[in-house]
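Asker: Sending over model_3.cif (mmCIF, C-alpha atoms and all ligand atoms).
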data_query
#
loop_
_atom_site.label_atom_id
_atom_site.label_comp_id
_atom_site.auth_asym_id
_atom_site.auth_seq_id
_atom_site.Cartn_x
_atom_site.Cartn_y
_atom_site.Cartn_z
CA MET A 1 63.18 59.14 164.59
CA THR A 2 62.15 55.50 164.54
CA GLY A 3 62.36 52.78 167.15
CA THR A 4 65.79 51.54 168.00
CA HIS A 5 64.40 48.06 168.50
CA ALA A 6 63.30 45.97 165.56
CA VAL A 7 59.61 45.23 165.24
CA THR A 8 59.58 41.58 166.17
CA GLY A 9 56.12 40.45 165.13
CA THR A 10 55.94 37.44 162.92
CA ARG A 11 54.51 37.57 159.42
CA ALA A 12 52.19 34.62 159.83
CA ALA A 13 48.89 34.06 161.58
CA PRO A 14 47.62 37.41 162.83
CA GLY A 15 45.67 37.01 166.03
CA VAL A 16 47.81 34.31 167.60
CA PRO A 17 49.25 35.43 170.96
CA PRO A 18 53.03 35.44 171.35
CA ALA A 19 54.61 32.47 173.11
CA PRO A 20 55.68 33.24 176.69
CA GLY A 21 58.81 35.37 176.66
CA VAL A 22 58.52 36.22 172.97
CA THR A 23 58.24 39.92 172.21
CA PRO A 24 55.03 40.62 170.27
CA SER A 25 54.68 43.16 167.51
CA THR A 26 53.51 46.60 168.61
CA ALA A 27 50.60 48.83 167.64
CA LEU A 28 49.88 52.43 168.62
CA THR A 29 46.44 53.98 168.98
CA ILE A 30 46.18 57.76 168.77
CA ALA A 31 42.69 58.31 170.18
CA GLY A 32 40.45 59.48 173.00
CA SER A 33 39.48 57.75 176.22
CA ASP A 34 35.91 56.42 176.63
CA SER A 35 35.15 56.36 180.35
CA GLY A 36 32.56 53.66 179.65
CA GLY A 37 35.26 51.38 178.24
CA GLY A 38 33.41 50.48 175.04
CA ALA A 39 35.11 52.64 172.40
CA GLY A 40 38.25 54.77 172.03
CA ILE A 41 41.59 53.69 173.44
CA GLN A 42 39.89 51.19 175.73
CA ALA A 43 38.42 49.30 172.76
CA ASP A 44 41.71 49.55 170.91
CA LEU A 45 43.80 48.15 173.77
CA LYS A 46 41.41 45.25 174.31
CA THR A 47 41.55 44.50 170.59
CA PHE A 48 45.34 44.69 170.45
CA LEU A 49 45.56 42.23 173.35
CA ALA A 50 43.02 39.89 171.77
CA CYS A 51 44.99 40.03 168.50
CA GLY A 52 48.29 39.14 170.17
CA VAL A 53 49.86 42.57 169.83
CA HIS A 54 51.48 44.87 172.42
CA GLY A 55 49.25 47.98 172.48
CA MET A 56 50.49 51.52 173.11
CA THR A 57 48.55 54.78 173.38
CA ALA A 58 48.85 58.43 172.48
CA LEU A 59 45.86 59.88 174.32
CA THR A 60 44.20 62.84 172.58
CA ALA A 61 41.23 63.59 174.84
CA VAL A 62 39.36 62.42 177.91
CA THR A 63 35.63 61.94 177.36
CA VAL A 64 32.93 61.71 180.01
CA GLN A 65 30.93 58.96 178.37
CA ASP A 66 28.47 56.18 179.13
CA SER A 67 26.11 53.97 177.15
CA LEU A 68 23.86 56.96 176.42
CA GLY A 69 26.43 59.32 174.95
CA VAL A 70 29.26 61.79 175.57
CA ALA A 71 28.46 64.34 178.29
CA ASP A 72 31.74 66.27 178.04
CA PHE A 73 35.35 66.02 176.93
CA LEU A 74 38.69 67.69 177.47
CA ALA A 75 41.24 67.67 174.67
CA LEU A 76 44.89 67.36 175.67
CA PRO A 77 47.51 69.88 174.51
CA PRO A 78 48.64 69.03 170.95
CA SER A 79 52.30 69.05 172.00
CA LEU A 80 51.57 66.36 174.59
CA VAL A 81 49.86 64.18 171.98
CA ALA A 82 52.84 64.53 169.65
CA ALA A 83 55.29 63.81 172.47
CA GLN A 84 53.53 60.53 173.29
CA ILE A 85 53.88 59.41 169.66
CA ARG A 86 57.55 60.39 169.43
CA THR A 87 58.41 58.83 172.78
CA VAL A 88 56.98 55.38 172.17
CA ALA A 89 58.25 55.34 168.58
CA ALA A 90 61.78 56.16 169.68
CA ASP A 91 62.07 53.52 172.38
CA LEU A 92 59.52 50.78 171.73
CA GLY A 93 59.03 51.00 167.98
CA VAL A 94 55.63 51.13 166.30
CA GLY A 95 54.63 48.24 164.04
CA ALA A 96 51.42 49.96 162.95
CA ALA A 97 49.41 52.97 164.12
CA LYS A 98 45.75 53.98 164.01
CA THR A 99 43.95 57.22 164.72
CA GLY A 100 40.51 57.62 166.28
CA MET A 101 39.07 60.68 168.05
CA LEU A 102 41.40 63.63 167.37
CA ALA A 103 39.20 66.40 168.84
CA SER A 104 40.79 69.54 167.33
CA ALA A 105 42.55 70.81 164.22
CA ALA A 106 45.65 71.57 166.28
CA ILE A 107 45.80 67.94 167.45
CA VAL A 108 45.33 66.69 163.88
CA ASP A 109 48.28 68.82 162.74
CA ALA A 110 50.42 67.76 165.70
CA VAL A 111 49.71 64.11 164.87
CA ILE A 112 50.61 64.65 161.22
CA GLU A 113 53.93 66.26 162.19
CA ALA A 114 54.76 63.56 164.74
CA CYS A 115 53.94 60.85 162.19
CA ALA A 116 56.34 62.46 159.70
CA GLN A 117 59.06 62.54 162.37
CA THR A 118 58.54 58.88 163.29
CA SER A 119 58.11 57.41 159.81
CA ILE A 120 54.42 56.61 160.33
CA GLY A 121 52.13 56.85 157.31
CA ALA A 122 51.62 55.79 153.70
CA GLY A 123 54.89 55.15 151.89
CA ARG A 124 56.83 55.20 155.17
CA SER A 125 58.01 52.28 157.30
CA THR A 126 54.96 52.14 159.60
CA PRO A 127 51.42 51.78 158.17
CA LEU A 128 48.75 54.18 159.44
CA VAL A 129 45.03 53.39 159.68
CA VAL A 130 42.90 56.55 159.86
CA ASP A 131 39.43 56.05 161.32
CA PRO A 132 38.06 59.55 160.66
CA VAL A 133 35.94 59.71 163.82
CA ALA A 134 33.70 62.79 163.74
CA ALA A 135 30.98 61.93 166.25
CA SER A 136 29.90 59.22 168.65
CA MET A 137 27.20 56.78 167.55
CA HIS A 138 24.76 58.94 169.53
CA GLY A 139 25.66 61.99 167.45
CA ASP A 140 27.84 63.79 170.00
CA SER A 141 30.66 65.68 168.28
CA LEU A 142 34.18 64.32 168.89
CA LEU A 143 35.86 66.58 166.32
CA ALA A 144 35.75 70.37 166.11
CA GLU A 145 34.15 71.71 162.92
CA ASP A 146 37.39 73.21 161.60
CA ALA A 147 39.20 69.93 162.29
CA LEU A 148 37.20 68.06 159.65
CA ALA A 149 39.03 69.99 156.92
CA ALA A 150 42.37 69.13 158.55
CA VAL A 151 41.46 65.43 158.55
CA ARG A 152 40.22 65.60 154.95
CA ASP A 153 42.98 67.73 153.45
CA ARG A 154 46.06 66.83 155.51
CA LEU A 155 45.57 63.56 157.44
CA LEU A 156 43.82 61.36 154.87
CA PRO A 157 46.62 61.85 152.30
CA ILE A 158 49.10 60.17 154.69
CA ALA A 159 46.75 57.26 155.51
CA THR A 160 47.72 53.78 154.41
CA LEU A 161 44.05 52.90 154.95
CA ALA A 162 41.04 55.11 155.75
CA THR A 163 38.01 53.46 157.38
CA PRO A 164 35.04 55.89 157.28
CA ASN A 165 31.50 54.95 158.20
CA LEU A 166 28.68 56.30 156.03
CA ASP A 167 28.15 59.44 158.14
CA GLU A 168 31.85 60.24 157.82
CA VAL A 169 31.72 59.60 154.05
CA ARG A 170 28.96 62.20 153.78
CA LEU A 171 30.83 64.74 155.93
CA LEU A 172 34.11 64.26 154.05
CA THR A 173 32.83 64.01 150.47
CA GLY A 174 29.15 64.96 150.33
CA VAL A 175 28.34 61.50 148.95
CA ASP A 176 25.17 60.17 150.58
CA VAL A 177 24.97 56.36 150.57
CA THR A 178 21.55 54.84 151.18
CA SER A 179 22.06 51.33 149.78
CA ARG A 180 24.81 48.88 148.88
CA ASP A 181 24.80 50.26 145.33
CA GLY A 182 26.23 53.57 146.54
CA LEU A 183 29.32 52.10 148.21
CA ARG A 184 31.55 52.18 145.10
CA LYS A 185 30.91 55.89 144.52
CA ALA A 186 31.71 56.52 148.19
CA ALA A 187 34.95 54.54 147.95
CA GLU A 188 36.03 56.48 144.86
CA ALA A 189 35.22 59.83 146.48
CA VAL A 190 37.16 59.04 149.68
CA HIS A 191 40.07 57.55 147.72
CA ALA A 192 40.29 60.82 145.75
CA LEU A 193 41.16 62.55 149.05
CA GLY A 194 44.50 60.71 149.12
CA PRO A 195 44.59 57.56 151.24
CA SER A 196 46.29 54.57 149.62
CA TRP A 197 43.38 52.28 150.50
CA VAL A 198 39.80 52.94 151.58
CA LEU A 199 37.48 50.64 153.52
CA ILE A 200 33.89 51.89 153.46
CA LYS A 201 32.01 50.43 156.42
CA ALA A 202 28.42 49.43 155.68
CA GLY A 203 27.15 48.95 159.22
CA HIS A 204 24.76 51.90 158.96
CA LEU A 205 22.76 50.37 156.08
CA ALA A 206 20.31 48.99 158.62
CA ALA A 207 17.85 47.59 156.07
CA ASP A 208 20.52 45.40 154.46
CA PRO A 209 20.54 41.87 155.91
CA GLU A 210 24.31 41.77 155.34
CA CYS A 211 27.11 44.19 156.20
CA VAL A 212 29.13 44.25 152.99
CA ASP A 213 32.10 46.55 153.66
CA LEU A 214 34.00 47.65 150.54
CA LEU A 215 37.78 47.89 150.11
CA PHE A 216 39.25 50.01 147.29
CA ASP A 217 42.81 50.91 146.28
CA GLY A 218 41.99 53.19 143.37
CA ALA A 219 41.86 50.29 140.92
CA ASP A 220 40.06 47.27 142.32
CA PHE A 221 37.04 46.83 144.58
CA VAL A 222 36.96 44.00 147.11
CA GLU A 223 33.68 43.23 148.86
CA LEU A 224 33.84 41.97 152.44
CA PRO A 225 30.49 40.38 153.18
CA GLY A 226 29.27 39.33 156.58
CA PRO A 227 25.92 38.59 158.19
CA ARG A 228 24.23 41.45 160.05
CA THR A 229 23.79 40.58 163.72
CA GLY A 230 20.42 41.72 165.07
CA THR A 231 21.75 43.79 167.94
CA PRO A 232 21.70 47.51 168.79
CA HIS A 233 24.88 46.99 170.87
CA THR A 234 27.62 48.04 168.45
CA HIS A 235 29.35 50.72 170.52
CA GLY A 236 33.07 50.73 169.70
CA GLY A 237 32.59 48.68 166.52
CA GLY A 238 34.50 51.03 164.23
CA ASP A 239 37.40 51.40 166.65
CA THR A 240 37.55 47.63 167.15
CA LEU A 241 37.63 46.99 163.40
CA ALA A 242 40.39 49.56 162.78
CA ALA A 243 42.43 48.27 165.73
CA SER A 244 42.19 44.66 164.57
CA ILE A 245 43.32 45.71 161.10
CA ALA A 246 46.24 47.67 162.63
CA SER A 247 47.15 44.57 164.65
CA ALA A 248 47.45 42.49 161.49
CA LEU A 249 49.40 45.25 159.72
CA SER A 250 51.83 45.40 162.65
CA ARG A 251 52.54 41.73 162.04
CA GLY A 252 53.44 42.41 158.43
CA CYS A 253 50.18 41.49 156.69
CA PRO A 254 49.46 43.27 153.41
CA VAL A 255 46.41 45.57 153.54
CA PRO A 256 43.85 43.20 151.90
CA GLU A 257 44.82 40.34 154.21
CA ALA A 258 44.76 42.64 157.26
CA VAL A 259 41.30 43.92 156.32
CA ARG A 260 39.96 40.37 155.85
CA PHE A 261 41.36 39.52 159.29
CA GLY A 262 39.71 42.64 160.74
CA LYS A 263 36.36 41.72 159.19
CA ARG A 264 36.52 38.23 160.71
CA TYR A 265 37.42 39.80 164.07
CA ILE A 266 34.62 42.41 164.08
CA MET A 267 31.97 39.89 163.00
CA ARG A 268 32.75 37.80 166.08
CA ALA A 269 32.96 40.91 168.29
CA VAL A 270 29.52 42.14 167.16
CA ALA A 271 28.03 38.65 167.48
CA GLY A 272 29.22 38.64 171.10
CA ALA A 273 28.10 42.21 171.90
CA TYR A 274 26.26 42.60 175.18
CA PRO A 275 23.81 45.05 176.76
CA LEU A 276 25.38 47.27 179.42
CA GLY A 277 23.87 50.41 180.88
CA ALA A 278 20.59 52.01 179.82
CA GLY A 279 21.72 52.71 176.25
CA THR A 280 24.02 51.04 173.75
CA GLY A 281 26.31 48.24 174.90
CA PRO A 282 29.79 47.50 173.53
CA VAL A 283 31.03 44.95 171.05
CA SER A 284 32.89 42.16 172.81
CA ALA A 285 36.54 41.21 173.10
CA PHE A 286 35.74 38.30 175.39
CA TRP A 287 35.30 35.78 172.59
CA ARG A 288 39.09 35.80 172.20
CA VAL A 289 39.86 35.31 175.88
CA ALA A 290 40.96 31.80 176.74
CA GLY A 291 38.68 30.11 179.24
CA ASP A 292 41.41 28.23 181.10
CA PRO A 293 40.93 28.42 184.89
CA ILE A 294 43.73 30.17 186.75
N1 LIG B 1 24.79 44.64 163.23
C1 LIG B 1 25.99 44.31 162.72
N2 LIG B 1 26.29 43.02 162.45
C2 LIG B 1 27.49 42.68 161.96
N3 LIG B 1 28.46 43.56 161.67
C3 LIG B 1 28.22 44.88 161.91
C4 LIG B 1 26.99 45.32 162.45
N4 LIG B 1 27.04 46.68 162.58
C5 LIG B 1 28.25 47.04 162.15
N5 LIG B 1 28.98 45.97 161.73
C6 LIG B 1 30.34 45.96 161.21
O1 LIG B 1 31.11 46.66 162.17
C7 LIG B 1 32.08 47.49 161.53
C8 LIG B 1 31.83 48.94 161.92
O2 LIG B 1 30.78 49.39 161.11
P1 LIG B 1 29.97 50.75 161.17
O3 LIG B 1 28.88 50.58 162.19
O4 LIG B 1 29.54 51.03 159.79
O5 LIG B 1 31.04 51.82 161.65
P2 LIG B 1 31.17 52.75 162.95
O6 LIG B 1 31.19 51.82 164.14
O7 LIG B 1 32.43 53.47 162.74
O8 LIG B 1 29.95 53.64 162.94
C9 LIG B 1 31.93 47.18 160.03
O9 LIG B 1 32.80 46.12 159.67
C10 LIG B 1 30.49 46.73 159.92
O10 LIG B 1 30.25 45.92 158.78
C1 LIG B 2 36.67 58.27 172.77
C2 LIG B 2 35.78 57.79 171.68
N1 LIG B 2 36.30 57.44 170.50
C3 LIG B 2 35.51 56.99 169.51
C4 LIG B 2 34.15 56.88 169.69
C5 LIG B 2 33.26 56.40 168.56
O1 LIG B 2 32.64 55.17 168.87
P1 LIG B 2 31.08 54.95 168.61
O2 LIG B 2 30.81 55.34 167.18
O3 LIG B 2 30.85 53.49 168.86
O4 LIG B 2 30.35 55.84 169.60
C6 LIG B 2 33.62 57.26 170.95
N2 LIG B 2 32.29 57.17 171.20
N3 LIG B 2 34.46 57.71 171.93
#
Could you show the structure in this file as structure tokens?
Ligand SMILES: Nc1ncnc2c1ncn2[C@@H]1O[C@H](COP(=O)(O)OP(=O)(O)O)[C@@H](O)[C@H]1O
Ligand SMILES: Cc1ncc(COP(=O)(O)O)c(N)n1
Answerer:
Amino acid sequence: MTGTHAVTGTRAAPGVPPAPGVTPSTALTIAGSDSGGGAGIQADLKTFLACGVHGMTALTAVTVQDSLGVADFLALPPSLVAAQIRTVAADLGVGAAKTGMLASAAIVDAVIEACAQTSIGAGRSTPLVVDPVAASMHGDSLLAEDALAAVRDRLLPIATLATPNLDEVRLLTGVDVTSRDGLRKAAEAVHALGPSWVLIKAGHLAADPECVDLLFDGADFVELPGPRTGTPHTHGGGDTLAASIASALSRGCPVPEAVRFGKRYIMRAVAGAYPLGAGTGPVSAFWRVAGDPI
């Protein structure tokens, strides 16, 4: 079951908003809600808007979350998650999809089945970015222990692109990266789990003055360098990166071009990050908002 309406996004210039009255391309986030608005579906929707894409959501869980961490969460029934995916795919069409917090193994499997039914995933009509979110940046679990195996063994093989951070690399593969030199081994180990492309995020290498993320397709490595901004406020950074990449994919960009676009987007978002609350503030989407007075 795929959308009855053609995906209308243009091939060129990811990030440019659609002209008034022009239907933008569409992107779907399959993720949890962050009540603090910094990560999860809230970050994804802000990013989709800033990237000129119509954002849609399949909500997986509701978290009780602020700048200090996740106090609680409730996962939605897997059938409801799958129904959201099928419903928007059938009527609105999905140009690209991304996953974030999936909470439970049953939700992971429901997402995999719904993606198969809606032609989402590697080798199908709609590219899928899998951000294998396991925990919040404060270490609170967002994925049940038995769900990690479902992500590793069943979800990653249908990913067009997987975007693990270094903690997720260790959980998924056992590879422990402590410096830039270890990124290639990490990329090879994650690629061996089945995604078509892997982007290893280097944000956690705090001693490195640069954040050199690494893209790998099983044959070639592409380094994506960027200056490290001296800020602790990077809440929602991984979601924002994956959502900006999905935005570019929804507009027809090939993976390397979409990832380069996403890197440019996240560098600006981190540079504009702001303190909010007593803990960790969010990366910013405001840098993309036009300043015209209303
Ligand atoms: N201090 C920083 N300055 C610039 N870019 C950063 C910084 N921290 C993270 N990034 C970038 O943000 C993205 C998310 O990185 P990372 O923090 O590793 O993942 P996650 O948010 O999933 O834990 C990556 O592109 C990374 O290079
Ligand atoms: C609902 C939800 N999804 C994802 C994250 C990860 O984001 P971060 O690593 O910045 O805490 C989160 N904290 N909450």
Asker: Hey, which residues sit close to ligand LIG 2 (chain B)? Say within 7 Å, counting only C-alpha atoms and all ligand atoms, and write them as a VMD selection string.
Answerer: chain A and resid 31 to 34 39 to 41 63 100 to 101 133 135 to 138 234 to 239
Asker: Mind dumping the selected residues with C-alpha atoms as a PDB file, in the frame of the given file?
Answerer:
ATOM      1  CA  ALA A  31      42.690  58.310 170.180  1.00  0.00           C
ATOM      2  CA  GLY A  32      40.450  59.480 173.000  1.00  0.00           C
ATOM      3  CA  SER A  33      39.480  57.750 176.220  1.00  0.00           C
ATOM      4  CA  ASP A  34      35.910  56.420 176.630  1.00  0.00           C
ATOM      5  CA  ALA A  39      35.110  52.640 172.400  1.00  0.00           C
ATOM      6  CA  GLY A  40      38.250  54.770 172.030  1.00  0.00           C
ATOM      7  CA  ILE A  41      41.590  53.690 173.440  1.00  0.00           C
ATOM      8  CA  THR A  63      35.630  61.940 177.360  1.00  0.00           C
ATOM      9  CA  GLY A 100      40.510  57.620 166.280  1.00  0.00           C
ATOM     10  CA  MET A 101      39.070  60.680 168.050  1.00  0.00           C
ATOM     11  CA  VAL A 133      35.940  59.710 163.820  1.00  0.00           C
ATOM     12  CA  ALA A 135      30.980  61.930 166.250  1.00  0.00           C
ATOM     13  CA  SER A 136      29.900  59.220 168.650  1.00  0.00           C
ATOM     14  CA  MET A 137      27.200  56.780 167.550  1.00  0.00           C
ATOM     15  CA  HIS A 138      24.760  58.940 169.530  1.00  0.00           C
ATOM     16  CA  THR A 234      27.620  48.040 168.450  1.00  0.00           C
ATOM     17  CA  HIS A 235      29.350  50.720 170.520  1.00  0.00           C
ATOM     18  CA  GLY A 236      33.070  50.730 169.700  1.00  0.00           C
ATOM     19  CA  GLY A 237      32.590  48.680 166.520  1.00  0.00           C
ATOM     20  CA  GLY A 238      34.500  51.030 164.230  1.00  0.00           C
ATOM     21  CA  ASP A 239      37.400  51.400 166.650  1.00  0.00           C
TER      22      ASP A 239
END
Asker: Could you check which of A:Val70, A:Ala27, A:Ala150, A:Ala273 is closest to A:Leu49, using all atoms listed in the file?
Answerer: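 Of the candidates, the smallest distance to A:Leu49 is held by A:Ala27.
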Asker: For ligand LIG 1 (chain B), collect every residue having any atom at a distance of at most 7 Å from a ligand atom (counting all atoms listed in the file); output as an MDAnalysis selection string.
Answerer: chainID A and resid 137 164:166 201:204 211:213 226:232 234:239 241 263 266:267 270:271
Asker: In Å, with one decimal, what is the gap from atom CA of A:Val130 to atom CA of A:Ala43?
Answerer: 15.5 Å
Asker: From the list A:Gly123, A:Val129, A:Phe48, A:Gly37, which residue is nearest A:Ala96 when using all atoms listed in the file?
Answerer: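 Counting all atoms listed in the file, the residue closest to A:Ala96 is A:Val129.
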Asker: Have a look at atom CA of A:Ala285 and atom CA of A:Phe261 and let me know their distance in Å, one decimal.
Answerer: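 Going from atom CA of A:Ala285 over to atom CA of A:Phe261 covers 14.7 Å.
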Asker: Ranking A:Leu68, A:Leu128, A:Val81, A:Ala114 by minimum distance to A:Leu249 and counting all atoms listed in the file, which one comes first?
Answerer: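 Of the candidates, the smallest distance to A:Leu249 is held by A:Leu128.
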Asker: Hey, which bits of stretch 188-275 of chain A sit within 9 Å of stretch 52-55 of chain A, and for each residue what's the closest pair of atoms and how far apart in Å (one decimal), counting only C-alpha atoms, rows by chain and increasing number, as CSV?
Answerer:
residue,atom,partner,partner_atom,distance
A:Ser247,CA,A:Val53,CA,6.2
A:Ala248,CA,A:Val53,CA,8.7
A:Ser250,CA,A:Val53,CA,8.0
A:Arg251,CA,A:Val53,CA,8.3
Asker: Ranking A:Tyr265, A:Phe216, A:Tyr274, A:Phe73 by minimum distance to A:Cys51 and counting all atoms listed in the file, which one comes first?
Answerer: A:Tyr265
Asker: Complete the atoms of stretch 44-59 of chain A to N, CA and C atoms and put them out as an mmCIF file, keeping the file's coordinate frame.
Answerer:
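The result, written out as result_34.cif:
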data_model
loop_
_atom_site.group_PDB
_atom_site.id
_atom_site.type_symbol
_atom_site.label_atom_id
_atom_site.label_comp_id
_atom_site.auth_asym_id
_atom_site.auth_seq_id
_atom_site.Cartn_x
_atom_site.Cartn_y
_atom_site.Cartn_z
ATOM 1 N N ASP A 44 40.514 49.864 171.693
ATOM 2 C CA ASP A 44 41.710 49.550 170.910
ATOM 3 C C ASP A 44 42.667 48.652 171.697
ATOM 4 N N LEU A 45 42.872 48.973 172.969
ATOM 5 C CA LEU A 45 43.800 48.150 173.770
ATOM 6 C C LEU A 45 43.282 46.729 173.950
ATOM 7 N N LYS A 46 41.969 46.602 174.173
ATOM 8 C CA LYS A 46 41.410 45.250 174.310
ATOM 9 C C LYS A 46 41.613 44.463 173.012
ATOM 10 N N THR A 47 41.414 45.164 171.896
ATOM 11 C CA THR A 47 41.550 44.500 170.590
ATOM 12 C C THR A 47 43.003 44.107 170.340
ATOM 13 N N PHE A 48 43.920 45.006 170.652
ATOM 14 C CA PHE A 48 45.340 44.690 170.450
ATOM 15 C C PHE A 48 45.714 43.435 171.255
ATOM 16 N N LEU A 49 45.267 43.400 172.508
ATOM 17 C CA LEU A 49 45.560 42.230 173.350
ATOM 18 C C LEU A 49 44.981 40.969 172.724
ATOM 19 N N ALA A 50 43.703 41.065 172.334
ATOM 20 C CA ALA A 50 43.020 39.890 171.770
ATOM 21 C C ALA A 50 43.677 39.442 170.469
ATOM 22 N N CYS A 51 44.342 40.367 169.781
ATOM 23 C CA CYS A 51 44.990 40.030 168.500
ATOM 24 C C CYS A 51 46.469 39.693 168.681
ATOM 25 N N GLY A 52 46.918 39.581 169.918
ATOM 26 C CA GLY A 52 48.290 39.140 170.170
ATOM 27 C C GLY A 52 49.351 40.190 169.951
ATOM 28 N N VAL A 53 48.960 41.452 170.114
ATOM 29 C CA VAL A 53 49.860 42.570 169.830
ATOM 30 C C VAL A 53 50.044 43.416 171.088
ATOM 31 N N HIS A 54 51.249 43.951 171.292
ATOM 32 C CA HIS A 54 51.480 44.870 172.420
ATOM 33 C C HIS A 54 50.921 46.245 172.050
ATOM 34 N N GLY A 55 49.900 46.705 172.791
ATOM 35 C CA GLY A 55 49.250 47.980 172.480
ATOM 36 C C GLY A 55 49.878 49.150 173.220
ATOM 37 N N MET A 56 49.955 50.286 172.522
ATOM 38 C CA MET A 56 50.490 51.520 173.110
ATOM 39 C C MET A 56 49.516 52.652 172.775
ATOM 40 N N THR A 57 49.551 53.730 173.569
ATOM 41 C CA THR A 57 48.550 54.780 173.380
ATOM 42 C C THR A 57 49.171 56.170 173.326
ATOM 43 N N ALA A 58 48.646 56.989 172.433
ATOM 44 C CA ALA A 58 48.850 58.430 172.480
ATOM 45 C C ALA A 58 47.469 59.026 172.715
ATOM 46 N N LEU A 59 47.194 59.406 173.947
ATOM 47 C CA LEU A 59 45.860 59.880 174.320
ATOM 48 C C LEU A 59 45.638 61.300 173.810
#
